[in-house]
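A.B. asks: Would you mind keeping the following structure in view while I ask a few things?
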Amino acid sequence: MDKTALKALLDDMSTEEKVMQLVQISGSEYEADAEITGVERGQVKDSVKRLAGSTLGIWGNKRLRKIQEQYVWEHPHHIPLMFMLDVIHGHKTVLPCPLGQGATFDPDAVKKGAEMQAREAAADGVHATFSPMADLCRDARWGRIMESTGEDKLLNSRMASAMVEGYQGDDLKDNSHMAACVKHFAAYGAAEGGRDYNNTELSEHTLREYYLRAYGEAIKKNPAMVMTSFNSINGIPATGNQFLMKKILREEFGFQGVLISDWGAVGEMINHGFAENQRDAALKGMMAGVDIDMCSGCYSAHLEELVNTGAVSMEMLDNAVWRVLNMKNDLGLFENPYRGITMDAGPAVTEESRRLAREIVAASLVLLENKEKTLPLRKEKHAFIGPYANTKKLQSSWAFSGEDENTVTVWEAASEALEAENVRLAEGCTLLDQDTMTAREIRHVDHWQEKNDELFAEAVRTAEWADTVILCLGEDIAQTGEAASKTSIQLPAVQIRLLNEIKKTGKKIVTLVFTGRPLELMEVRELSDALMICWLSGTEGGHGILDVLTGKVSPSGRLSASFPYTVGQEPLHYDVYPTGRPKPENGPGPFTSRYLDCENGALYPFGYGLSYTSFEYSDLKLSAQEMSATETITASVTVKNTGDKKGSVTVQLYLRDVTGSRVRPVRELADFKKISLDPGAEEEVSFVIREDMLRFWTANERWESEPGKFLVWICNDSREGKPLEFQLTE
């Protein structure tokens with residue numbers, strides 16, 4: 001539909017119709033088995049159901065076509081309904097959770113993964129996904145860290161941007177793509193105490209310097225939507241925060257698309273103590289520029305009256321409705337309300353989607369320890385033991401449209417890759433302790449102790465038969481994600497007991513950890529000969545993991561978030577500020593910034609990861625020792641594969657502004673490149689340093705660089721290397 005016709009449509013709509021375009025209701029109102037936990041049908045009036053502009057939590061081409069046919073027929077202007085869904089890291093083919101995708105340090109692969117997700121979801125009738133999550137996350141206690149790509153603003157920026165490009169493609173009318181939604185605006189990842197939905201308290205400097213960066217970069221890719229966050233920020237709920245939504249999002253970032261609230265967030269401003277009642281919440285949501293009220297009922301109940309009394313102007317209402325109609329038009333829904341929908345069985349997991357997922361799994365795995373080259377596995381007897389050894393629950397709690405039957409378990413992949421007479425399986429123990437709180441419930445297992453005594457005995461017998469034990473441990477999928485904040489980030493005690501029992505057998509232990517967050521792993525490290533983070537790996541988890549265990553693929557994943565010694569260090573991140581009393585490199589130093597009982601930094605830092613081969617960095621050099629604002633400097637290093645296996649390595653560039661009008665971090669990731677080298681091969685890796693890479697939010701309250709000395713590292717991770725220096729001149 002051209003803009004003239006679209007404007008004529010808007011002008012002809014009644015106030016009620018306009019208001020209802022800004023109302024989103026649960027898919028359970030249209031279909032009983034919509035994937036919205038705890039929501040029943042019949043929660044909204046039939047008049048709202050008949051006119052609501054969008055719905056969420058429902059998919060399936062046949063059912064959505066049926067719903068759309070009835071909706072368009074009954075709507076006074078035959079405006080189509082928009083279907084949205086949380087396609088967070090996969091639809092039918094589930095990829096590693098976003099924190100694991102961040103560990104690939106490969107935006108191109110992540111973009112391809114988003115394209116695949118869009119292709120599958122669009123074929124199931126989905127028009128928009130609530131992804132990517134661009135929240136900067138530095139606190140492993142926060143369960144939703146698994147939806148982020150980590151603790152670094154540059155990595156998050158590139159990954160979120162890649163996802164937007166992958167989901168949307170070049171033209172939203174393309175039936176193989178869907179609309180993206182950058183979320184949660186803003187600073188949701190800084191919730192106090194790592195507790196979901198909690199307040200965040202950030203200076204404008206910290207907000208701009210760190211937490212807004214990834215959203216801003218992703219918005220440059222023109223996502224169709226942005227979602228508000230649940231948290232209040234500096235005392236004002238994000239959903240009613242005019243400074244965030246109008247000044248920063250609309251004016252500074254130039255966002256022209258649809259702003260949608262998170263689930264119920266408009267109404268939750270009442271609980272925050274920011275809105276008096278639903279009417280007041282609707283008013284404050286509109287005044288902040290929220291275009292779609294997701295499932296709170298505030299707009300549907302009160303917005304028409306607010307417009308009729310003049311509290312909300314017709315111009316404000318029209319502007320919001322115009323953005324929603326434009327999104328539908330951009331998707332091509334006016335010409336084809338059934339875009340992407342065929343009447344066949346719907347999308348399926350294909351060999352091509354499996355191949356891509358398998359590659360991304362292998363690239364996401366992070367090898368933390370490999371004592372005496374325990375990995376890759378040798379031709380000997382292997383026991384696969386543990387609650388994750390043969391479970392199909394390898395996706396996260398945010399991959400509910402994926403199907404367990406499509407998942408390849410570790411044991412299934414091992415049975416394919418290794419000789420049958422050389423592998424055995426044992427469950428090992430229950431996944432959780434007897435009474436464990438997850439995001440959904442407290443789980444209690446009858447006869448828990450007796451069951452585990454039997455499982456331990458079986459596991460020990462299986463381990464004694466083997467030469468090497470592959471111990472598959474991890475958190476339950478409901479222990480990370482929304483409403484899954486924790487004060488303990490250790491593996492369940494029953495799994496640690498299993499590890500200790502297996503250790504007594506004297507066999508080599510390869511510990512695989514399945515998780516959606518950084519964990520405390522000190523004891524696990526001490527008891528393991530090899531240790532690898534497998535994240536929540538998805539549909540092709542088993543195959544990707546066996547590709548790495550057997551040496552078909554050398555591990556290349558790098559930590560996208562720091563793993564602490566102890567939860568007491570959280571929030572934890574590598575790009576800290578120096579203090580007036582820094583801890584000396586050697587020795588504790590009295591009266592310095594340090595813990596008495598722990599190291600300051602991470603057990604495993606951001607950017608860390610091992611390979612089956614070794615890489616040597618040499619001839620680090622700069623093309624010049626000084627540069628002006630209009631010039632550049634090239635930093636380069638020669639990387640050589642000094643081992644006997646082919647491998648990939650992520651070469652990381654870090655910078656430090658030594659002196660500034662505000663204190664600058666000890667180092668910050670400025671660029672990275674992933675290269676692959678055969679044994680004995682070497683390659684010069686170069687990075688161009690530009691003036692815009694040196695800018696920060698200065699004491700002048702603006703983005704700018706300041707003349708002075710800068711340090712440069714090109715290295716393996718955020719803790720390695722010796723720097724060179726250059727000067728930025730006036």
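How things are named: the first chain in the structure tokens is A, the next is B, and so on; residues count from 1 in each chain; ligands count from 1 in the order shown.
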Taking only region 428-654 of chain A into account, list the residues labelled strand (DSSP E) by DSSP (computed from the backbone), as a PyMOL selection string.
C.D. replies: chain A and resi 435-437+442-444+468-474+508-514+530-533+615-622+626-627+633-641+647-654
A.B. asks: Using the selection just defined, write its residues with C-alpha atoms as a compact mmCIF listing (two decimals), in the first residue's frame.
C.D. replies:
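Saved file part_3.txt follows:
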```
# COMPACT_ATOMS: atom_id res chain seq x y z
CA ASP A 435 14.47 -29.43 46.82
CA THR A 436 15.48 -26.90 44.17
CA MET A 437 13.84 -23.67 43.12
CA ILE A 442 10.23 -26.05 43.60
CA ARG A 443 11.05 -29.55 42.47
CA HIS A 444 10.91 -32.46 44.89
CA THR A 468 38.24 -41.64 30.20
CA VAL A 469 35.01 -40.34 31.70
CA ILE A 470 33.11 -37.60 29.88
CA LEU A 471 31.10 -36.10 32.71
CA CYS A 472 28.09 -34.08 31.51
CA LEU A 473 26.94 -31.65 34.19
CA GLY A 474 24.99 -28.42 34.30
CA LYS A 508 40.72 -39.19 33.43
CA ILE A 509 37.77 -36.83 33.63
CA VAL A 510 36.54 -34.53 30.88
CA THR A 511 33.87 -32.29 32.40
CA LEU A 512 31.33 -30.70 30.07
CA VAL A 513 29.31 -27.89 31.66
CA PHE A 514 25.89 -26.98 30.24
CA ALA A 530 39.72 -31.18 30.89
CA LEU A 531 36.92 -28.66 31.29
CA MET A 532 34.70 -27.26 28.55
CA ILE A 533 31.73 -24.88 28.61
CA PHE A 615 49.42 -19.82 18.67
CA GLU A 616 52.41 -17.52 18.92
CA TYR A 617 52.10 -13.73 18.64
CA SER A 618 55.14 -11.83 17.42
CA ASP A 619 56.23 -8.60 15.78
CA LEU A 620 53.55 -6.43 17.36
CA LYS A 621 53.92 -3.01 15.77
CA LEU A 622 52.23 0.29 15.06
CA GLU A 626 51.19 9.48 16.89
CA MET A 627 48.02 10.39 15.00
CA ILE A 633 47.26 4.11 12.88
CA THR A 634 47.50 0.48 11.83
CA ALA A 635 48.29 -1.99 14.61
CA SER A 636 49.49 -5.37 13.43
CA VAL A 637 50.84 -8.64 14.76
CA THR A 638 52.04 -11.90 13.25
CA VAL A 639 50.14 -14.94 14.46
CA LYS A 640 51.65 -18.38 13.92
CA ASN A 641 50.16 -21.81 14.52
CA GLY A 647 42.88 -24.25 14.49
CA SER A 648 41.00 -20.97 14.63
CA VAL A 649 41.85 -18.13 16.95
CA THR A 650 40.13 -14.85 17.77
CA VAL A 651 42.77 -12.12 17.69
CA GLN A 652 41.66 -9.35 20.04
CA LEU A 653 42.59 -5.65 19.96
CA TYR A 654 42.37 -3.75 23.25
```
A.B. asks: Fewer than 3 positions away in the same chain doesn't count, so skip those; otherwise give me all residues within 12 Å of Asp291 (chain A), counting only C-alpha atoms, as a PyMOL selection string.
C.D. replies: chain A and resi 18-24+53-54+225-228+239-240+245+256-262+266+282-288+294+299+303+316-325+327
A.B. asks: Could you name the residues that touch region 149-151 of chain A at 9 Å or less, counting only C-alpha atoms, but leaving out those on the same chain fewer than 4 positions away, as a list in words?
C.D. replies: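 Within the cut-off, the hits are Cys97, Pro98, Leu99, Gly100, Gln101, Gly102, Ala103, Met133, Ala134, Asp135, Leu136, Cys137, Arg138, Asp139, Ile145, Leu155, Asn156, Met159, Ala160, Leu559, Ser560, Ala561, Ser562, Leu572, His573, Tyr574 and Phe606 of chain A.
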A.B. asks: Near region 122-125 of chain A, counting only C-alpha atoms, which residues have an atom at most 7 Å away, once you skip same-chain residues fewer than 4 positions from it, shown as a short mmCIF file (atom, residue, chain, number, x, y, z; two decimals) with C-alpha atoms, in the first residue's frame?
C.D. replies:
```
data_model
loop_
_atom_site.label_atom_id
_atom_site.label_comp_id
_atom_site.auth_asym_id
_atom_site.auth_seq_id
_atom_site.Cartn_x
_atom_site.Cartn_y
_atom_site.Cartn_z
CA TRP A 59 2.60 -19.99 15.78
CA GLY A 60 1.69 -22.62 13.21
CA ASN A 61 0.78 -21.75 9.64
CA LEU A 64 -2.59 -18.58 12.09
CA ALA A 118 13.56 -16.01 10.48
CA ASN A 175 8.52 -13.83 3.13
CA SER A 176 11.63 -15.55 4.43
CA HIS A 177 12.36 -12.79 6.96
CA MET A 178 10.64 -11.21 9.93
CA GLY A 340 4.92 -16.79 4.28
CA ILE A 341 2.06 -19.11 5.16
CA GLY A 346 4.91 -26.00 8.21
CA PRO A 347 8.66 -25.56 8.64
#
```
A.B. asks: Have a look at A:Tyr30, A:Glu209, A:Ala121, A:Tyr197 and name the one nearest to Trp703 (chain A); count only C-alpha atoms.
C.D. replies: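 Once distances to Trp703 (chain A) are computed over only C-alpha atoms, the minimum belongs to A:Glu209.
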A.B. asks: Determine, counting only C-alpha atoms, which protein, DNA and RNA residues have an atom within 9 Å of an atom of Ala383 (chain A); residues of the same chain fewer than 4 positions away are not included. Present the result as a PyMOL selection string.
C.D. replies: chain A and resi 422-426+459+462-471
A.B. asks: Output N, CA and C atoms of each residue in that selection to a file, as a PDB file, in the first residue's frame.
C.D. replies:
```
ATOM      1  N   ASN A 422      33.372 -49.334  22.579  1.00  0.00           N
ATOM      2  CA  ASN A 422      34.245 -48.454  23.371  1.00  0.00           C
ATOM      3  C   ASN A 422      33.492 -47.343  24.101  1.00  0.00           C
ATOM      4  N   VAL A 423      32.158 -47.407  24.112  1.00  0.00           N
ATOM      5  CA  VAL A 423      31.393 -46.373  24.811  1.00  0.00           C
ATOM      6  C   VAL A 423      30.321 -47.005  25.694  1.00  0.00           C
ATOM      7  N   ARG A 424      30.123 -46.397  26.855  1.00  0.00           N
ATOM      8  CA  ARG A 424      29.041 -46.793  27.741  1.00  0.00           C
ATOM      9  C   ARG A 424      28.404 -45.543  28.342  1.00  0.00           C
ATOM     10  N   LEU A 425      27.168 -45.704  28.815  1.00  0.00           N
ATOM     11  CA  LEU A 425      26.378 -44.581  29.305  1.00  0.00           C
ATOM     12  C   LEU A 425      25.895 -44.857  30.710  1.00  0.00           C
ATOM     13  N   ALA A 426      25.900 -43.818  31.548  1.00  0.00           N
ATOM     14  CA  ALA A 426      25.283 -43.896  32.870  1.00  0.00           C
ATOM     15  C   ALA A 426      24.700 -42.533  33.216  1.00  0.00           C
ATOM     16  N   ALA A 459      27.278 -45.362  38.135  1.00  0.00           N
ATOM     17  CA  ALA A 459      28.247 -44.470  37.508  1.00  0.00           C
ATOM     18  C   ALA A 459      29.679 -44.892  37.826  1.00  0.00           C
ATOM     19  N   THR A 462      30.574 -47.936  35.793  1.00  0.00           N
ATOM     20  CA  THR A 462      30.802 -47.562  34.390  1.00  0.00           C
ATOM     21  C   THR A 462      32.138 -46.861  34.240  1.00  0.00           C
ATOM     22  N   ALA A 463      32.472 -45.989  35.182  1.00  0.00           N
ATOM     23  CA  ALA A 463      33.749 -45.272  35.130  1.00  0.00           C
ATOM     24  C   ALA A 463      34.924 -46.220  35.272  1.00  0.00           C
ATOM     25  N   GLU A 464      34.796 -47.210  36.135  1.00  0.00           N
ATOM     26  CA  GLU A 464      35.900 -48.163  36.343  1.00  0.00           C
ATOM     27  C   GLU A 464      36.182 -48.976  35.089  1.00  0.00           C
ATOM     28  N   TRP A 465      35.161 -49.179  34.269  1.00  0.00           N
ATOM     29  CA  TRP A 465      35.352 -49.894  33.003  1.00  0.00           C
ATOM     30  C   TRP A 465      36.126 -49.041  32.002  1.00  0.00           C
ATOM     31  N   ALA A 466      35.983 -47.731  32.059  1.00  0.00           N
ATOM     32  CA  ALA A 466      36.478 -46.828  31.025  1.00  0.00           C
ATOM     33  C   ALA A 466      37.911 -46.381  31.275  1.00  0.00           C
ATOM     34  N   ASP A 467      38.508 -45.820  30.242  1.00  0.00           N
ATOM     35  CA  ASP A 467      39.789 -45.120  30.378  1.00  0.00           C
ATOM     36  C   ASP A 467      39.567 -43.641  30.673  1.00  0.00           C
ATOM     37  N   THR A 468      38.553 -43.062  30.025  1.00  0.00           N
ATOM     38  CA  THR A 468      38.237 -41.645  30.201  1.00  0.00           C
ATOM     39  C   THR A 468      36.745 -41.500  30.443  1.00  0.00           C
ATOM     40  N   VAL A 469      36.406 -40.642  31.402  1.00  0.00           N
ATOM     41  CA  VAL A 469      35.010 -40.342  31.696  1.00  0.00           C
ATOM     42  C   VAL A 469      34.678 -38.965  31.132  1.00  0.00           C
ATOM     43  N   ILE A 470      33.628 -38.895  30.335  1.00  0.00           N
ATOM     44  CA  ILE A 470      33.107 -37.605  29.880  1.00  0.00           C
ATOM     45  C   ILE A 470      31.906 -37.320  30.759  1.00  0.00           C
ATOM     46  N   LEU A 471      32.095 -36.400  31.695  1.00  0.00           N
ATOM     47  CA  LEU A 471      31.095 -36.102  32.712  1.00  0.00           C
ATOM     48  C   LEU A 471      30.268 -34.897  32.267  1.00  0.00           C
TER      49      LEU A 471
END
```
A.B. asks: Skip Cys429 (chain A) itself and residues of its chain fewer than 5 positions away, then list as a list in words all residues within 7 Å of it, counting only C-alpha atoms.
C.D. replies: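 Within the cut-off, the hits are Gly386, Pro387, Asn452, Leu455, Phe456, Val494, Gln495 and Leu498 of chain A.
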A.B. asks: Would you output that residue set with N, CA and C atoms, as a PDB file, in the first residue's frame?
C.D. replies:
```pdb
ATOM      1  N   GLY A 386      26.400 -38.682  33.553  1.00  0.00           N
ATOM      2  CA  GLY A 386      25.863 -37.423  34.067  1.00  0.00           C
ATOM      3  C   GLY A 386      24.482 -37.115  33.524  1.00  0.00           C
ATOM      4  N   PRO A 387      23.755 -36.229  34.187  1.00  0.00           N
ATOM      5  CA  PRO A 387      22.375 -35.929  33.789  1.00  0.00           C
ATOM      6  C   PRO A 387      22.252 -35.261  32.432  1.00  0.00           C
ATOM      7  N   ASN A 452      19.606 -41.700  44.012  1.00  0.00           N
ATOM      8  CA  ASN A 452      20.962 -41.251  43.719  1.00  0.00           C
ATOM      9  C   ASN A 452      22.022 -42.236  44.190  1.00  0.00           C
ATOM     10  N   LEU A 455      22.219 -44.546  41.367  1.00  0.00           N
ATOM     11  CA  LEU A 455      22.847 -43.927  40.201  1.00  0.00           C
ATOM     12  C   LEU A 455      24.351 -43.749  40.402  1.00  0.00           C
ATOM     13  N   PHE A 456      24.763 -43.372  41.609  1.00  0.00           N
ATOM     14  CA  PHE A 456      26.197 -43.227  41.891  1.00  0.00           C
ATOM     15  C   PHE A 456      26.913 -44.563  41.712  1.00  0.00           C
ATOM     16  N   VAL A 494      24.452 -32.333  44.236  1.00  0.00           N
ATOM     17  CA  VAL A 494      24.441 -33.746  43.877  1.00  0.00           C
ATOM     18  C   VAL A 494      25.388 -34.009  42.709  1.00  0.00           C
ATOM     19  N   GLN A 495      25.540 -33.064  41.804  1.00  0.00           N
ATOM     20  CA  GLN A 495      26.462 -33.238  40.681  1.00  0.00           C
ATOM     21  C   GLN A 495      27.918 -33.118  41.136  1.00  0.00           C
ATOM     22  N   LEU A 498      28.813 -36.366  42.568  1.00  0.00           N
ATOM     23  CA  LEU A 498      29.100 -37.319  41.489  1.00  0.00           C
ATOM     24  C   LEU A 498      30.515 -37.131  40.973  1.00  0.00           C
TER      25      LEU A 498
END
```
A.B. asks: According to DSSP computed on the backbone, where in region 23-108 of chain A is there helix (DSSP H, G or I)? Give the residues as a compact mmCIF listing (two decimals) with N, CA and C atoms, in the first residue's frame.
C.D. replies:
```txt
# COMPACT_ATOMS: atom_id res chain seq x y z
N GLY A 27 -1.89 -14.63 22.63
CA GLY A 27 -2.39 -15.58 21.64
C GLY A 27 -3.36 -16.58 22.21
N SER A 28 -3.34 -16.74 23.54
CA SER A 28 -4.29 -17.66 24.17
C SER A 28 -5.73 -17.22 23.96
N GLU A 29 -5.94 -15.94 23.63
CA GLU A 29 -7.30 -15.47 23.34
C GLU A 29 -7.80 -16.03 22.00
N ASP A 46 -14.52 -9.45 24.07
CA ASP A 46 -14.60 -9.83 22.66
C ASP A 46 -14.34 -8.64 21.75
N SER A 47 -14.76 -7.45 22.17
CA SER A 47 -14.54 -6.25 21.36
C SER A 47 -13.06 -5.94 21.21
N VAL A 48 -12.28 -6.23 22.26
CA VAL A 48 -10.83 -6.03 22.19
C VAL A 48 -10.20 -7.09 21.30
N LYS A 49 -10.62 -8.32 21.49
CA LYS A 49 -10.11 -9.42 20.67
C LYS A 49 -10.37 -9.18 19.20
N ARG A 50 -11.51 -8.59 18.89
CA ARG A 50 -11.89 -8.37 17.49
C ARG A 50 -11.06 -7.28 16.83
N LEU A 51 -10.53 -6.31 17.62
CA LEU A 51 -9.84 -5.16 17.04
C LEU A 51 -8.38 -5.03 17.43
N ASN A 61 1.34 -22.41 10.82
CA ASN A 61 0.78 -21.75 9.64
C ASN A 61 -0.71 -21.99 9.46
N LYS A 62 -1.18 -23.19 9.72
CA LYS A 62 -2.61 -23.46 9.52
C LYS A 62 -3.47 -22.71 10.53
N ARG A 63 -3.07 -22.76 11.79
CA ARG A 63 -3.89 -22.09 12.80
C ARG A 63 -3.85 -20.57 12.63
N LEU A 64 -2.68 -20.03 12.25
CA LEU A 64 -2.59 -18.58 12.09
C LEU A 64 -3.36 -18.11 10.86
N ARG A 65 -3.36 -18.91 9.83
CA ARG A 65 -4.16 -18.53 8.66
C ARG A 65 -5.65 -18.48 9.02
N LYS A 66 -6.08 -19.45 9.78
CA LYS A 66 -7.49 -19.49 10.20
C LYS A 66 -7.84 -18.27 11.04
N ILE A 67 -6.95 -17.94 11.98
CA ILE A 67 -7.18 -16.77 12.83
C ILE A 67 -7.18 -15.49 12.00
N GLN A 68 -6.22 -15.39 11.08
CA GLN A 68 -6.12 -14.18 10.26
C GLN A 68 -7.34 -14.01 9.36
N GLU A 69 -7.79 -15.10 8.77
CA GLU A 69 -8.96 -15.02 7.88
C GLU A 69 -10.17 -14.45 8.62
N GLN A 70 -10.42 -14.96 9.81
CA GLN A 70 -11.56 -14.48 10.57
C GLN A 70 -11.36 -13.04 11.02
N TYR A 71 -10.14 -12.72 11.46
CA TYR A 71 -9.86 -11.38 11.97
C TYR A 71 -10.03 -10.33 10.86
N VAL A 72 -9.41 -10.55 9.72
CA VAL A 72 -9.48 -9.58 8.62
C VAL A 72 -10.92 -9.42 8.14
N TRP A 73 -11.66 -10.53 8.09
CA TRP A 73 -13.05 -10.47 7.65
C TRP A 73 -13.90 -9.61 8.59
N GLU A 74 -13.65 -9.72 9.89
CA GLU A 74 -14.47 -9.02 10.87
C GLU A 74 -14.03 -7.59 11.11
N PRO A 98 22.01 -17.21 23.32
CA PRO A 98 22.78 -16.04 22.87
C PRO A 98 24.13 -15.86 23.58
N LEU A 99 24.21 -16.19 24.87
CA LEU A 99 25.51 -16.07 25.55
C LEU A 99 26.53 -17.00 24.90
N GLY A 100 26.08 -18.17 24.47
CA GLY A 100 26.95 -19.08 23.74
C GLY A 100 27.28 -18.58 22.36
N GLN A 101 26.29 -17.97 21.68
CA GLN A 101 26.58 -17.39 20.37
C GLN A 101 27.62 -16.27 20.49
N GLY A 102 27.54 -15.50 21.57
CA GLY A 102 28.56 -14.48 21.80
C GLY A 102 29.95 -15.07 21.87
N PRO A 107 30.24 -12.60 14.22
CA PRO A 107 28.97 -11.97 13.84
C PRO A 107 28.39 -12.53 12.54
N ASP A 108 29.23 -12.93 11.60
CA ASP A 108 28.71 -13.47 10.34
C ASP A 108 27.94 -14.77 10.57
```
